[in-house]
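Visitor: I am attaching a structure below and will ask some questions about it afterwards.
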Amino acid sequence: MLAVHFGAGNIGRGFIGLLLAEAGYEVVFADVNADMVDTINRLGGYAVHEVGQGAREHSVTGVRAVNSVTQGEELVELIARADVVTTAVGPSILPRIAPAIAAGILARPADAAPVWVMACENAVGASAQLAEAVAVEAGDRADEVARRSVFANTAVDRIVPAQDPDGADVTVEAFHEWTIERGDRTDAPEIPGAHPVDALGPYIEHKLFTVNTGHATVAYLGYAAGVESIADAIAVPEIAARVEAVLAETSALLIAEHGFGAEALGDYRATVLQRFANRALPDTTVRVGRAPLRKLGAGERFIAPARRLADHGIEPTALLSIVPAVLAFDPAGDDEVEQLRRIRAELTPEAAVTRVTGVAEGEPLYAALVDAFRRADEADLPAD
């Protein structure tokens with residue numbers, strides 16, 4: 001069995017690649033980082049160090065890598081033979097890898113089993129987004145792509161902090177979840193550690209609006225308070241209280257729309273907060289907070305639940321209170337920080353709200369968001 005995984009970064013090696021290798025797949029990483037590609041090929045494997053409750057040590061062997069820029073033909077040939085194609089590159093990069101995936105699928109033998117393509121990204125419907133990009137690349141042969149592939153949406157959850165880039169070894173938290181939407185198909189790949197479900201929607205929002213919303217909240221409030229690490233930030237009582245208030249609102253949405261039990265959600269929130277407090281994971285507020293423009297998007301971790309709570313007649317006070325901290329996030333080297341600055345410098349607060357969040361005048365959240373955009377310019381962020 002062959003698996004091609006796009007993205008040889010920490011998530012790729014420490015989570016998706018690990019589980020694929022342990023499931024018996026020959027794993028080939030595709031990446032633009034020539035140094036990492038060379039390192040993987042030189043070593044032929046790497047170690048995964050887990051930290052936290054239930055931690056284990058893993059040795060991943062028999063893997064290799066290709067440079068997706070300079071070895072394009074080989075990459076297409078690999079996809080043409082693969083049983084599984086996965087990604088962990090970031091949602092914005094998916095259109096860039098679509099040409100190779102389209103070419104590889106179209107090069108598959110007509111009688112080959114469909115290849116399962118799974119975008120393992122922190123975004124709702126990432127595989128569906130990738131499928132659209134691949135269909136565009138395939139042009140008038142898009143129907144052939146559809147026959148020869150299955151694009152399955154997934155939800156993934158494992159904290160992998162920034163770490164020393166030397167070597168291929170990676171440190172991760174012990175906790176992990178990988179949920180795969182199989183629909184009514186019976187040929188889903190068997191990957192121990194991954195959980196197939198008929199419908200993914202409730203599961204991905206359960207994770208996105210708890211883990212990702214909570215993690216980002218800690219990051220932005222911690223950065224605003226001058227705290228460097230996530231663990232130190234969640235240890236600040238005022239920050240912890242605001243994170244809990246935010247997650248209480250997202251839990252209210254999950255109960256209203258998906259029927260999750262309040263007690264089970266409470267236990268899940270407690271587990272998530274314990275994960276954030278894990279000092280064995282040297283994660284930083286800067287790393288977790290990066291890409292603030294995307295995280296303020298209409299379908300993302302703050303605006304999407306706030307918008308839908310408003311539709312239910314529930315005022316998302318805690319969620320909206322984080323927006324000024326997101327806008328005030330300004331570490332060097334983040335391209336999206338610069339984009340946000342330009343947008344806010346060139347547009348009125350009203351126009352900037354619609355441009356960034358997708359919320360238009362007349363919607364319930366509009367006035368509150370305009371106020372939040374204005375308050376981000378104040379010297380001191382509000383306490384609530």
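Residue names in the structure tokens use chain letters A, B, ... in the order shown, residue numbers from 1 in each chain, and ligand numbers from 1 in the order shown.
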Compile the contact shell of A:Asp371 as a PyMOL selection string: residues with an atom at most 12 Å away, counting only C-alpha atoms, same-chain residues fewer than 2 positions apart removed.
Guide: chain A and resi 320-321+323-324+348-350+352-353+365-369+373-378+382
Visitor: With a distance cut-off of 10 Å and only C-alpha atoms, select the neighbouring residues of A:Gln53, excluding the residue or stretch itself and same-chain residues fewer than 4 positions from it, and output the selection as a PyMOL selection string.
Guide: chain A and resi 173-175+275+278
Visitor: Pick out the residues sitting within 12 Å of A:Glu57, and hand them over as an mmCIF file with N, CA, C and O atoms, in the first residue's frame; count only C-alpha atoms, and ignore anything fewer than 5 positions along from it in its own chain.
Guide:
data_model
loop_
_atom_site.group_PDB
_atom_site.id
_atom_site.type_symbol
_atom_site.label_atom_id
_atom_site.label_comp_id
_atom_site.auth_asym_id
_atom_site.auth_seq_id
_atom_site.Cartn_x
_atom_site.Cartn_y
_atom_site.Cartn_z
ATOM 1 N N GLY A 14 4.594 14.153 12.411
ATOM 2 C CA GLY A 14 4.251 13.744 13.769
ATOM 3 C C GLY A 14 2.844 13.253 13.970
ATOM 4 O O GLY A 14 2.507 12.772 15.055
ATOM 5 N N LEU A 18 2.826 9.499 10.651
ATOM 6 C CA LEU A 18 3.007 8.466 11.675
ATOM 7 C C LEU A 18 1.899 7.425 11.608
ATOM 8 O O LEU A 18 2.163 6.207 11.581
ATOM 9 N N TYR A 46 12.389 8.703 11.213
ATOM 10 C CA TYR A 46 12.497 9.700 12.272
ATOM 11 C C TYR A 46 11.771 9.188 13.510
ATOM 12 O O TYR A 46 11.044 8.184 13.462
ATOM 13 N N ALA A 47 11.957 9.887 14.611
ATOM 14 C CA ALA A 47 11.304 9.531 15.868
ATOM 15 C C ALA A 47 10.197 10.529 16.172
ATOM 16 O O ALA A 47 10.325 11.725 15.872
ATOM 17 N N VAL A 48 9.126 10.038 16.757
ATOM 18 C CA VAL A 48 8.037 10.896 17.237
ATOM 19 C C VAL A 48 7.989 10.757 18.752
ATOM 20 O O VAL A 48 7.770 9.662 19.283
ATOM 21 N N HIS A 49 8.210 11.869 19.440
ATOM 22 C CA HIS A 49 8.216 11.890 20.899
ATOM 23 C C HIS A 49 6.898 12.480 21.388
ATOM 24 O O HIS A 49 6.596 13.648 21.113
ATOM 25 N N GLU A 50 6.117 11.679 22.089
ATOM 26 C CA GLU A 50 4.877 12.188 22.666
ATOM 27 C C GLU A 50 5.136 12.717 24.074
ATOM 28 O O GLU A 50 6.003 12.199 24.788
ATOM 29 N N VAL A 51 4.373 13.726 24.456
ATOM 30 C CA VAL A 51 4.450 14.265 25.819
ATOM 31 C C VAL A 51 3.033 14.383 26.364
ATOM 32 O O VAL A 51 2.083 14.589 25.620
ATOM 33 N N GLY A 52 2.919 14.233 27.666
ATOM 34 C CA GLY A 52 1.614 14.296 28.304
ATOM 35 C C GLY A 52 1.149 12.925 28.743
ATOM 36 O O GLY A 52 1.852 11.913 28.604
ATOM 37 N N ASP A 169 13.129 14.393 13.585
ATOM 38 C CA ASP A 169 12.379 14.002 14.774
ATOM 39 C C ASP A 169 11.396 15.101 15.150
ATOM 40 O O ASP A 169 11.630 16.292 14.891
ATOM 41 N N VAL A 170 10.291 14.722 15.763
ATOM 42 C CA VAL A 170 9.250 15.691 16.090
ATOM 43 C C VAL A 170 8.633 15.348 17.443
ATOM 44 O O VAL A 170 8.517 14.171 17.801
ATOM 45 N N THR A 171 8.262 16.386 18.195
ATOM 46 C CA THR A 171 7.600 16.229 19.486
ATOM 47 C C THR A 171 6.142 16.647 19.354
ATOM 48 O O THR A 171 5.837 17.696 18.770
ATOM 49 N N VAL A 172 5.232 15.817 19.876
ATOM 50 C CA VAL A 172 3.794 16.069 19.780
ATOM 51 C C VAL A 172 3.140 15.759 21.118
ATOM 52 O O VAL A 172 3.728 15.094 21.976
ATOM 53 N N GLU A 173 1.916 16.225 21.293
ATOM 54 C CA GLU A 173 1.162 15.804 22.471
ATOM 55 C C GLU A 173 0.666 14.375 22.258
ATOM 56 O O GLU A 173 0.525 13.908 21.118
ATOM 57 N N ALA A 174 0.378 13.680 23.355
ATOM 58 C CA ALA A 174 -0.085 12.298 23.245
ATOM 59 C C ALA A 174 -1.483 12.215 22.636
ATOM 60 O O ALA A 174 -1.800 11.287 21.893
#
Visitor: Could you pull out the residues in stretch 61-265 of chain A that DSSP calls alpha helix (DSSP H) from the backbone, as a ChimeraX atom specification?
Guide: /A:72-81,94-106,126-138,142-147,201-207,213-224,230-234,237-258,262-265
Visitor: Hey, what's within 9 Å of A:Ala128 if we count only C-alpha atoms and toss same-chain stuff fewer than 2 positions away? As JSON, numbers by chain, please?
Guide: {"A": [119, 124, 125, 126, 130, 131, 132, 133, 151, 152, 153]}
Visitor: Go ahead and dump the residues you just picked, C-alpha atoms, as a CSV table (one decimal), in the first residue's frame.
Guide:
chain,number,residue,atom,x,y,z
A,119,ALA,CA,-7.0,17.1,3.2
A,124,VAL,CA,-14.2,23.0,7.5
A,125,GLY,CA,-14.6,21.0,4.3
A,126,ALA,CA,-10.9,21.2,3.3
A,130,LEU,CA,-9.3,20.6,-2.7
A,131,ALA,CA,-11.7,18.6,-4.9
A,132,GLU,CA,-13.0,21.8,-6.4
A,133,ALA,CA,-9.5,23.0,-7.2
A,151,PHE,CA,-12.3,13.2,-1.7
A,152,ALA,CA,-13.2,12.6,2.0
A,153,ASN,CA,-13.5,15.5,4.4
Visitor: Using only C-alpha atoms for the distances, tell me which of A:Pro202, A:Gly214, A:Gly193, A:Gly24 is nearest to A:Phe260.
Guide: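 Closest residue, counting only C-alpha atoms: A:Pro202.
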Visitor: Taking only C-alpha atoms into account, which of A:Leu78, A:Val60, A:Ala103, A:Leu200 comes nearest A:Gly183?
Guide: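 Closest residue, counting only C-alpha atoms: A:Leu200.
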Visitor: For the interface of stretch 313-335 of chain A with stretch 229-253 of chain A (cut-off 9 Å, counting only C-alpha atoms), please tabulate each contacting residue of stretch 313-335 of chain A alongside its nearest pair of atoms and their separation in Å to one decimal, rows sorted by chain and increasing number, as JSON lines.
Guide:
{"residue": "A:Ile314", "atom": "CA", "partner": "A:Glu249", "partner_atom": "CA", "distance": 8.6}
{"residue": "A:Glu315", "atom": "CA", "partner": "A:Glu249", "partner_atom": "CA", "distance": 8.8}
{"residue": "A:Pro316", "atom": "CA", "partner": "A:Glu249", "partner_atom": "CA", "distance": 6.6}
{"residue": "A:Thr317", "atom": "CA", "partner": "A:Val246", "partner_atom": "CA", "distance": 8.3}
{"residue": "A:Ala318", "atom": "CA", "partner": "A:Val246", "partner_atom": "CA", "distance": 5.0}
{"residue": "A:Leu319", "atom": "CA", "partner": "A:Val246", "partner_atom": "CA", "distance": 5.3}
{"residue": "A:Leu320", "atom": "CA", "partner": "A:Val246", "partner_atom": "CA", "distance": 8.9}
{"residue": "A:Ser321", "atom": "CA", "partner": "A:Val246", "partner_atom": "CA", "distance": 8.9}
{"residue": "A:Ile322", "atom": "CA", "partner": "A:Val246", "partner_atom": "CA", "distance": 8.7}
Visitor: Quick one: write out the picked residues with all heavy atoms as a PDB file, in the first residue's frame?
Guide:
ATOM      1  N   ILE A 314     -28.991  34.191  20.496  1.00  0.00           N
ATOM      2  CA  ILE A 314     -28.038  34.197  21.610  1.00  0.00           C
ATOM      3  C   ILE A 314     -26.947  35.210  21.299  1.00  0.00           C
ATOM      4  O   ILE A 314     -26.302  35.140  20.252  1.00  0.00           O
ATOM      5  CB  ILE A 314     -27.419  32.808  21.821  1.00  0.00           C
ATOM      6  CG1 ILE A 314     -28.503  31.768  22.104  1.00  0.00           C
ATOM      7  CG2 ILE A 314     -26.389  32.838  22.955  1.00  0.00           C
ATOM      8  CD1 ILE A 314     -27.989  30.333  22.114  1.00  0.00           C
ATOM      9  N   GLU A 315     -26.735  36.167  22.176  1.00  0.00           N
ATOM     10  CA  GLU A 315     -25.734  37.199  21.934  1.00  0.00           C
ATOM     11  C   GLU A 315     -24.332  36.649  22.211  1.00  0.00           C
ATOM     12  O   GLU A 315     -24.036  36.252  23.347  1.00  0.00           O
ATOM     13  CB  GLU A 315     -25.997  38.418  22.811  1.00  0.00           C
ATOM     14  CG  GLU A 315     -25.098  39.596  22.479  1.00  0.00           C
ATOM     15  CD  GLU A 315     -25.491  40.851  23.232  1.00  0.00           C
ATOM     16  OE1 GLU A 315     -26.502  40.810  23.965  1.00  0.00           O
ATOM     17  OE2 GLU A 315     -24.780  41.856  23.106  1.00  0.00           O
ATOM     18  N   PRO A 316     -23.432  36.629  21.224  1.00  0.00           N
ATOM     19  CA  PRO A 316     -22.093  36.044  21.395  1.00  0.00           C
ATOM     20  C   PRO A 316     -21.098  37.054  21.982  1.00  0.00           C
ATOM     21  O   PRO A 316     -20.069  37.363  21.387  1.00  0.00           O
ATOM     22  CB  PRO A 316     -21.718  35.641  19.974  1.00  0.00           C
ATOM     23  CG  PRO A 316     -22.386  36.676  19.127  1.00  0.00           C
ATOM     24  CD  PRO A 316     -23.670  37.033  19.823  1.00  0.00           C
ATOM     25  N   THR A 317     -21.389  37.520  23.167  1.00  0.00           N
ATOM     26  CA  THR A 317     -20.594  38.591  23.773  1.00  0.00           C
ATOM     27  C   THR A 317     -19.137  38.199  23.936  1.00  0.00           C
ATOM     28  O   THR A 317     -18.225  38.977  23.617  1.00  0.00           O
ATOM     29  CB  THR A 317     -21.180  38.971  25.141  1.00  0.00           C
ATOM     30  OG1 THR A 317     -22.574  39.293  24.977  1.00  0.00           O
ATOM     31  CG2 THR A 317     -20.439  40.165  25.738  1.00  0.00           C
ATOM     32  N   ALA A 318     -18.891  37.020  24.462  1.00  0.00           N
ATOM     33  CA  ALA A 318     -17.516  36.588  24.734  1.00  0.00           C
ATOM     34  C   ALA A 318     -16.723  36.424  23.436  1.00  0.00           C
ATOM     35  O   ALA A 318     -15.563  36.836  23.345  1.00  0.00           O
ATOM     36  CB  ALA A 318     -17.519  35.297  25.536  1.00  0.00           C
ATOM     37  N   LEU A 319     -17.335  35.817  22.433  1.00  0.00           N
ATOM     38  CA  LEU A 319     -16.647  35.630  21.157  1.00  0.00           C
ATOM     39  C   LEU A 319     -16.272  36.974  20.532  1.00  0.00           C
ATOM     40  O   LEU A 319     -15.133  37.165  20.082  1.00  0.00           O
ATOM     41  CB  LEU A 319     -17.545  34.847  20.193  1.00  0.00           C
ATOM     42  CG  LEU A 319     -17.553  33.324  20.352  1.00  0.00           C
ATOM     43  CD1 LEU A 319     -18.786  32.722  19.710  1.00  0.00           C
ATOM     44  CD2 LEU A 319     -16.294  32.706  19.765  1.00  0.00           C
ATOM     45  N   LEU A 320     -17.192  37.899  20.513  1.00  0.00           N
ATOM     46  CA  LEU A 320     -16.918  39.187  19.891  1.00  0.00           C
ATOM     47  C   LEU A 320     -15.898  39.993  20.688  1.00  0.00           C
ATOM     48  O   LEU A 320     -15.184  40.833  20.124  1.00  0.00           O
ATOM     49  CB  LEU A 320     -18.215  39.983  19.745  1.00  0.00           C
ATOM     50  CG  LEU A 320     -19.238  39.400  18.765  1.00  0.00           C
ATOM     51  CD1 LEU A 320     -20.461  40.301  18.680  1.00  0.00           C
ATOM     52  CD2 LEU A 320     -18.632  39.196  17.388  1.00  0.00           C
ATOM     53  N   SER A 321     -15.798  39.734  21.988  1.00  0.00           N
ATOM     54  CA  SER A 321     -14.836  40.483  22.798  1.00  0.00           C
ATOM     55  C   SER A 321     -13.396  40.145  22.446  1.00  0.00           C
ATOM     56  O   SER A 321     -12.475  40.874  22.810  1.00  0.00           O
ATOM     57  CB  SER A 321     -15.075  40.202  24.285  1.00  0.00           C
ATOM     58  OG  SER A 321     -14.533  38.951  24.686  1.00  0.00           O
ATOM     59  N   ILE A 322     -13.164  39.037  21.727  1.00  0.00           N
ATOM     60  CA  ILE A 322     -11.803  38.632  21.358  1.00  0.00           C
ATOM     61  C   ILE A 322     -11.344  39.337  20.086  1.00  0.00           C
ATOM     62  O   ILE A 322     -10.147  39.450  19.823  1.00  0.00           O
ATOM     63  CB  ILE A 322     -11.732  37.096  21.168  1.00  0.00           C
ATOM     64  CG1 ILE A 322     -12.314  36.370  22.385  1.00  0.00           C
ATOM     65  CG2 ILE A 322     -10.289  36.629  20.939  1.00  0.00           C
ATOM     66  CD1 ILE A 322     -11.640  36.741  23.700  1.00  0.00           C
TER      67      ILE A 322
END
Visitor: So how many Å separate atom CA of A:Ser92 and atom CA of A:Val356, to one decimal?
Guide: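 Distance between the two atoms: 15.6 Å.
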